[in-house]
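Undergrad: After the structure tokens below, expect a handful of questions from me.
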Protein chains: 4
Amino acid sequence: MKKLSAQILRDVIKPRPVNSFKGTFGKVTLVGGNQHFGGAIIMATTAAVYSGAGLVTTCTDRLNVGPLHANVPEAMFADFHDQQSLKNLISGVTSVVVGPGLGEDEQSQTILQMVFETIQPEQNLIIDGSAITMMAHQHITQPDAHVIYTPHQMEWQRLSGIKIADQEPAKNREVADQLKATVVLKRHHTQIYLTNGSTYELTIGTPAQAVGGMGDTLAGMVGGFTAQFHDNTDKAVLAAVYAHSAVAEEIAKKQYIVLPHQISHALPEFMARVASGQF
Amino acid sequence: MKKLSAQILRDVIKPRPVNSFKGTFGKVTLVGGNQHFGGAIIMATTAAVYSGAGLVTTCTDRLNVGPLHANVPEAMFADFHDQQSLKNLISGVTSVVVGPGLGEDEQSQTILQMVFETIQPEQNLIIDGSAITMMAHQHITQPDAHVIYTPHQMEWQRLSGIKIADQEPAKNREVADQLKATVVLKRHHTQIYLTNGSTYELTIGTPAQAVGGMGDTLAGMVGGFTAQFHDNTDKAVLAAVYAHSAVAEEIAKKQYIVLPHQISHALPEFMARVASGQF
Amino acid sequence: MKKLSAQILRDVIKPRPVNSFKGTFGKVTLVGGNQHFGGAIIMATTAAVYSGAGLVTTCTDRLNVGPLHANVPEAMFADFHDQQSLKNLISGVTSVVVGPGLGEDEQSQTILQMVFETIQPEQNLIIDGSAITMMAHQHITQPDAHVIYTPHQMEWQRLSGIKIADQEPAKNREVADQLKATVVLKRHHTQIYLTNGSTYELTIGTPAQAVGGMGDTLAGMVGGFTAQFHDNTDKAVLAAVYAHSAVAEEIAKKQYIVLPHQISHALPEFMARVASGQF
Amino acid sequence: MKKLSAQILRDVIKPRPVNSFKGTFGKVTLVGGNQHFGGAIIMATTAAVYSGAGLVTTCTDRLNVGPLHANVPEAMFADFHDQQSLKNLISGVTSVVVGPGLGEDEQSQTILQMVFETIQPEQNLIIDGSAITMMAHQHITQPDAHVIYTPHQMEWQRLSGIKIADQEPAKNREVADQLKATVVLKRHHTQIYLTNGSTYELTIGTPAQAVGGMGDTLAGMVGGFTAQFHDNTDKAVLAAVYAHSAVAEEIAKKQYIVLPHQISHALPEFMARVASGQF
């Protein structure tokens, strides 16, 4: 297993081309946030916007549109119960993030299936949280796309069938290979199983990150990075994972805990330091 | 009566274990915020989240979900009129906070009783504000749990039957013993009656704290601290009470009044100083 | 006409008594904010809370409760169409502010009349904006209370019958005496007509204050100051008027315009400097 | 084509006259923000308010009023489906901004036509985003007013019929002359075609601006500047365009991307530097 280093940030986050426009930096559509977990999709959206994706749309429950725009007016909104809107907003975007706060009831399942039916092979599909659990529990088949799972260990157990205590790199790799998907396994030292056979381990991070919503923020960042840095999806995923904890470490120098939204808000300044060689 | 000192902070707020996850730091469910007093439960929730609880859910009136997530997307939401949700969200969490902005009408009473029926002996139950008043006025029996009351003097009069002018330590202690509950009696010098017979007095604090919502913030902090520092509930309560006024004193050096939400927002930085030996 | 000076701040804003609680600092109820002008009552509420009033309640259209609590969770809410709530929330409070964003339609008129019927002689009643216009247009009689009008020149023309060009101090004084009310006439150099016959002129201020919502903020501050510094209502009004422009002047040193909410947010720090002799 | 320089800021943004009031600085009404794109009109409104317009009203979908006031309580609100309100709020204001987040469905079209029917020849009318597209697709005639278009290149293609690859200055000028309108053509180096025959090119700016919502912010600034600096509309437009990128450049020194709302929030401080000769 390779150790992920700050070099990945420098490989990925480069000065933006002078003659670029928002289309250059990709589009992200995020799907999640039922009536109970609106905060999750808001945090994921904030992460995608502050990561630097060109255009960000959030498909969520109508109940969440007010606080979504109070937090991040830069995002667009659609009601995720409106199947036509959902389809339109998935078609053609660079990256789709599904799962943060989606829930696991019948309506959530319908939405998840609609996403899976619409996604195309060339698109990135980040599958997070309850979307992973529903796939496992409802035996929903993974669609044909560049799939990136971001499970914590229990979600990975549900999806892979490997019990937490048995989640050894070799076993995880086997399932990742079967899935033909990238797996970002969130744990004390997060592991990233790429589809090219490489496995990376994250050795930075802080217990100050052990706060609800931290994973939603990571999923949003993976969405934002894969959209913006679309030339190399693998590297974009690795950079998102590394940046998430690197920013948290910086904040944790002065804080006992790190609020997830604080990581997103710190990204533009952090990424500028990387791009200008100061990190 | 013992004088509470900054030592309690150093006893409680220690560097987080390196290999920890959000489950390590407990779960808090807050119940309150009717259509009039939504701000109270928002302030209590903000306090619980910024204290460092692992997972925080807020059961409140549906009217409040927008501003809740605008203020603190890190919290989850349930409608407190949905009895099944309420039960599920109380079951298994470390600490339940009931009362901030709950109101005193029939619906509030139904919700309070549902909380009391569901709570289990091993759980912490912080009873604040109108929940205390309803218990007194409606003769609602205290449930079997680690109960922590956070009354101001009038609420304590209602609950204990001791008139404000007669609230002497010996009398307060007698009622606290009968209740087998911790009592945080908010007054000029707040007194904490622990169930082990010890009584503490808080000698810090500032009149800049005399602002509506200050008690809601304290209740949320007690929820957050007892969940996160669950090894020793007594010490967690004492530390929450001390930290609340210590942070306020720091802010009051530069402000004529302290807004309750400012205390919560200052907690992560304050707690870092404690954990690293700088306070 | 006397020139208002910074001395008024030092006369009014003193260190808070050590043994005080939120009841010490009065209660304010604000009434306004129809479906079009919700921002006005939010800004007035923010001003009252950040001024340091002990308890603040906002009676407004239900549409505004979300952004109210997103901006200032410290305030409580009631629907101003609920007449019983409105009456209860006016009874017994120190200061009532009516008018910011109230509008002038039939419903606004009903609400205004309900306020006027409920207010008692010993209470402060700040009448602002559309409430002044409705009094003039609908011939609504001023109730028996400590009335403080905060008109701009056109509103004063409507109420007093004195055309803007003719608004000379002697004429204004005559009408103020007839009204037995304090008049804060907002103009280039704001004039304050007290009921004791004294008239003051404000000679500070900045054109950076010429922004919509500035008057709503002043009305909220007059509410907050008269509640908190209730020993001397006249001085509290003068101090609020002076502080409003003194803070604006400080902000305008670095800003081309001053946003009304920025004045409120700066108050706690500004008032601390006054109370500690640094202004 | 003339090169736009910082001199335009110094020509336009001067110290405010001492004896001024909010009426001095004009009124802006913004029309846009359907149920999907509420953030767009919120960002445009924020820009108009922070630019320093005297009074700002936002006509949008009712769904957006909460986050509008959470972001910017200084703005007033009307439901854009209420035709009478819409007409009243367009009549008499200095500048109308139509388009940000308006959408392109039948309801959007009805609203656009209502704006066009109500606008008067002496008013400024900024036409942005979907309003431009609807004019092109639905063959809606430009009304008689001081029209300022703010298209990106695809929108300009739709309106002018000139394909992006063929958008040469001479061709653009020809269409601008036919339209008798100012055209702010947003592109790598934005071009401004004034009605007096002059054409300007913006040579500053940064790829950090390539973020969704950047154009909504510019449209709001053009609204705010033309209202406030109404003596010379041409110069006001040029100054808004220049300031938008000058502020972005400053922020981009420390950030990888610039969030649109950050430009608005930075304006009061930036404009103060210009007015005091420090820029």
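Ligands are numbered from 1 in the order shown, chains are lettered A, B, ... in the order of the structure tokens, and residues start at 1 in each chain.
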Using only C-alpha atoms, I'd like every residue of chain A that has an atom within 10 Å of chain C; please write them out as a list of chain:residue names.

TA: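 So the residues of chain A near chain C are A:Gly66, A:Pro67, A:Ala70.
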
Undergrad: Take the selection from the previous step and output its residues with all heavy atoms, as a compact mmCIF listing (two decimals), in the first residue's frame.

TA:
```txt
# COMPACT_ATOMS: atom_id res chain seq x y z
N GLY A 66 -34.42 26.32 1.25
CA GLY A 66 -34.14 27.57 1.97
C GLY A 66 -32.77 27.56 2.62
O GLY A 66 -31.93 28.41 2.31
N PRO A 67 -32.50 26.61 3.51
CA PRO A 67 -31.16 26.59 4.13
C PRO A 67 -30.05 26.30 3.13
O PRO A 67 -28.92 26.76 3.33
CB PRO A 67 -31.27 25.47 5.18
CG PRO A 67 -32.49 24.70 4.83
CD PRO A 67 -33.41 25.64 4.12
N ALA A 70 -29.38 29.64 1.83
CA ALA A 70 -28.85 30.49 2.90
C ALA A 70 -27.37 30.19 3.09
O ALA A 70 -26.57 31.08 3.36
CB ALA A 70 -29.62 30.27 4.21
```

Undergrad: So which bits of region 98-232 of chain A end up alpha helix (DSSP H) when you DSSP the backbone, as a ChimeraX atom specification?

TA: /A:106-118,130-138,153-160,169-179,214-228

Undergrad: Can you pull out every residue within 8 Å of Thr118 (chain B), counting only C-alpha atoms, but drop anything in the same chain fewer than 4 positions away, and send it as a PyMOL selection string?

TA: chain B and resi 87+90-91+114

Undergrad: Name the residues in contact with region 136-138 of chain A at a cut-off of 9 Å, using only C-alpha atoms, excluding same-chain residues fewer than 5 positions from it; report them as a list in words.

TA: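 Here the answer would be Gln109, Ala131, Glu155, Arg158, Leu159, Ser160 and Gly161 of chain A.
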
Undergrad: Let's have the selection written as a compact mmCIF listing (two decimals), in the first residue's frame, with N, CA, C and O atoms.

TA:
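Final file, again22.txt:
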```txt
# COMPACT_ATOMS: atom_id res chain seq x y z
N GLN A 109 -35.05 5.05 -2.37
CA GLN A 109 -34.68 3.97 -3.28
C GLN A 109 -35.08 4.31 -4.72
O GLN A 109 -34.30 4.08 -5.66
N ALA A 131 -26.80 5.61 0.23
CA ALA A 131 -26.88 5.01 -1.10
C ALA A 131 -26.14 3.67 -1.11
O ALA A 131 -26.58 2.70 -1.73
N GLU A 155 -20.49 0.59 6.37
CA GLU A 155 -21.09 0.61 5.03
C GLU A 155 -20.32 -0.32 4.08
O GLU A 155 -20.91 -1.00 3.24
N ARG A 158 -21.39 -3.80 4.72
CA ARG A 158 -22.67 -4.10 4.07
C ARG A 158 -22.47 -4.34 2.57
O ARG A 158 -23.04 -5.27 2.00
N LEU A 159 -21.67 -3.51 1.94
CA LEU A 159 -21.52 -3.60 0.49
C LEU A 159 -20.64 -4.78 0.08
O LEU A 159 -20.97 -5.52 -0.86
N SER A 160 -19.54 -4.97 0.80
CA SER A 160 -18.54 -5.97 0.39
C SER A 160 -18.79 -7.34 1.01
O SER A 160 -18.28 -8.34 0.53
N GLY A 161 -19.55 -7.34 2.11
CA GLY A 161 -19.71 -8.58 2.84
C GLY A 161 -18.53 -8.90 3.75
O GLY A 161 -18.54 -9.91 4.45
```

Undergrad: So which residues touch Gly32 (chain C) within 6 Å, counting only C-alpha atoms, skipping near sequence neighbours fewer than 5 positions away, as number ranges by chain?

TA: C: 41, 60, 99-102

Undergrad: Go ahead and dump the residues you just picked, N, CA, C and O atoms, as a PDB file, in the first residue's frame.

TA:
```pdb
ATOM      1  N   ILE C  41     -38.037  44.152   9.723  1.00  0.00           N
ATOM      2  CA  ILE C  41     -38.229  43.739  11.122  1.00  0.00           C
ATOM      3  C   ILE C  41     -37.055  42.861  11.583  1.00  0.00           C
ATOM      4  O   ILE C  41     -36.708  42.858  12.767  1.00  0.00           O
ATOM      5  N   THR C  60     -44.353  39.107  13.716  1.00  0.00           N
ATOM      6  CA  THR C  60     -44.230  39.392  12.283  1.00  0.00           C
ATOM      7  C   THR C  60     -45.023  38.364  11.497  1.00  0.00           C
ATOM      8  O   THR C  60     -45.649  37.469  12.067  1.00  0.00           O
ATOM      9  N   GLY C  99     -43.815  49.180  13.550  1.00  0.00           N
ATOM     10  CA  GLY C  99     -43.702  49.886  12.276  1.00  0.00           C
ATOM     11  C   GLY C  99     -42.729  49.360  11.257  1.00  0.00           C
ATOM     12  O   GLY C  99     -43.055  49.358  10.073  1.00  0.00           O
ATOM     13  N   PRO C 100     -41.535  48.901  11.653  1.00  0.00           N
ATOM     14  CA  PRO C 100     -40.570  48.500  10.608  1.00  0.00           C
ATOM     15  C   PRO C 100     -41.144  47.432   9.674  1.00  0.00           C
ATOM     16  O   PRO C 100     -41.429  46.315  10.109  1.00  0.00           O
ATOM     17  N   GLY C 101     -41.345  47.800   8.434  1.00  0.00           N
ATOM     18  CA  GLY C 101     -41.853  46.852   7.444  1.00  0.00           C
ATOM     19  C   GLY C 101     -43.274  46.392   7.685  1.00  0.00           C
ATOM     20  O   GLY C 101     -43.690  45.364   7.148  1.00  0.00           O
ATOM     21  N   LEU C 102     -44.033  47.163   8.486  1.00  0.00           N
ATOM     22  CA  LEU C 102     -45.402  46.733   8.812  1.00  0.00           C
ATOM     23  C   LEU C 102     -46.327  46.829   7.615  1.00  0.00           C
ATOM     24  O   LEU C 102     -47.279  46.060   7.488  1.00  0.00           O
TER      25      LEU C 102
END
```

Undergrad: Take CA of Ser20 (chain D) and CA of Gly52 (chain D) and report the distance between them in Å, one decimal.

TA: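 Going from CA of Ser20 (chain D) over to CA of Gly52 (chain D), I get 12.7 Å.
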
Undergrad: Would you list, as JSON, numbers by chain, the residues of region 18-63 of chain B that end up in strand (DSSP E or B) under DSSP run on this structure's backbone?

TA: {"B": [27, 28, 29, 30, 31, 55, 56, 57, 58, 59, 60]}

Undergrad: How would the residues just chosen look if you wrote them out with N, CA and C atoms as a CSV table (one decimal), in the first residue's frame?

TA:
```csv
chain,number,residue,atom,x,y,z
B,27,LYS,N,-23.7,10.5,21.2
B,27,LYS,CA,-24.8,11.1,20.4
B,27,LYS,C,-25.7,11.9,21.3
B,28,VAL,N,-26.2,13.0,20.8
B,28,VAL,CA,-27.1,13.9,21.5
B,28,VAL,C,-28.4,14.1,20.7
B,29,THR,N,-29.5,13.9,21.4
B,29,THR,CA,-30.8,14.3,20.8
B,29,THR,C,-31.4,15.4,21.6
B,30,LEU,N,-31.7,16.5,20.9
B,30,LEU,CA,-32.3,17.7,21.6
B,30,LEU,C,-33.8,17.8,21.2
B,31,VAL,N,-34.6,18.1,22.1
B,31,VAL,CA,-36.1,18.1,21.9
B,31,VAL,C,-36.6,19.5,22.4
B,55,LEU,N,-22.6,13.0,17.1
B,55,LEU,CA,-23.7,13.1,16.3
B,55,LEU,C,-24.8,13.8,17.0
B,56,VAL,N,-25.5,14.8,16.4
B,56,VAL,CA,-26.5,15.6,17.0
B,56,VAL,C,-27.8,15.6,16.2
B,57,THR,N,-28.9,15.3,16.8
B,57,THR,CA,-30.2,15.4,16.1
B,57,THR,C,-31.1,16.3,16.9
B,58,THR,N,-31.9,17.1,16.2
B,58,THR,CA,-32.8,18.0,16.8
B,58,THR,C,-34.2,17.7,16.4
B,59,CYS,N,-35.0,17.4,17.5
B,59,CYS,CA,-36.4,17.1,17.3
B,59,CYS,C,-37.2,18.4,17.6
B,60,THR,N,-37.8,19.0,16.6
B,60,THR,CA,-38.4,20.3,16.8
B,60,THR,C,-39.6,20.5,15.9
```

Undergrad: May I ask for the distance between CA of Ala275 (chain B) and CA of Ala48 (chain B), given in Å to one decimal place?

TA: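 Straight-line distance from CA of Ala275 (chain B) to CA of Ala48 (chain B) works out to 18.2 Å.
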
Undergrad: Tell me, as a ChimeraX atom specification, which residues lie within 9 Å of Ser198 (chain C), counting only C-alpha atoms; anything in the same chain fewer than 6 positions away does not count.

TA: /C:1-2,192
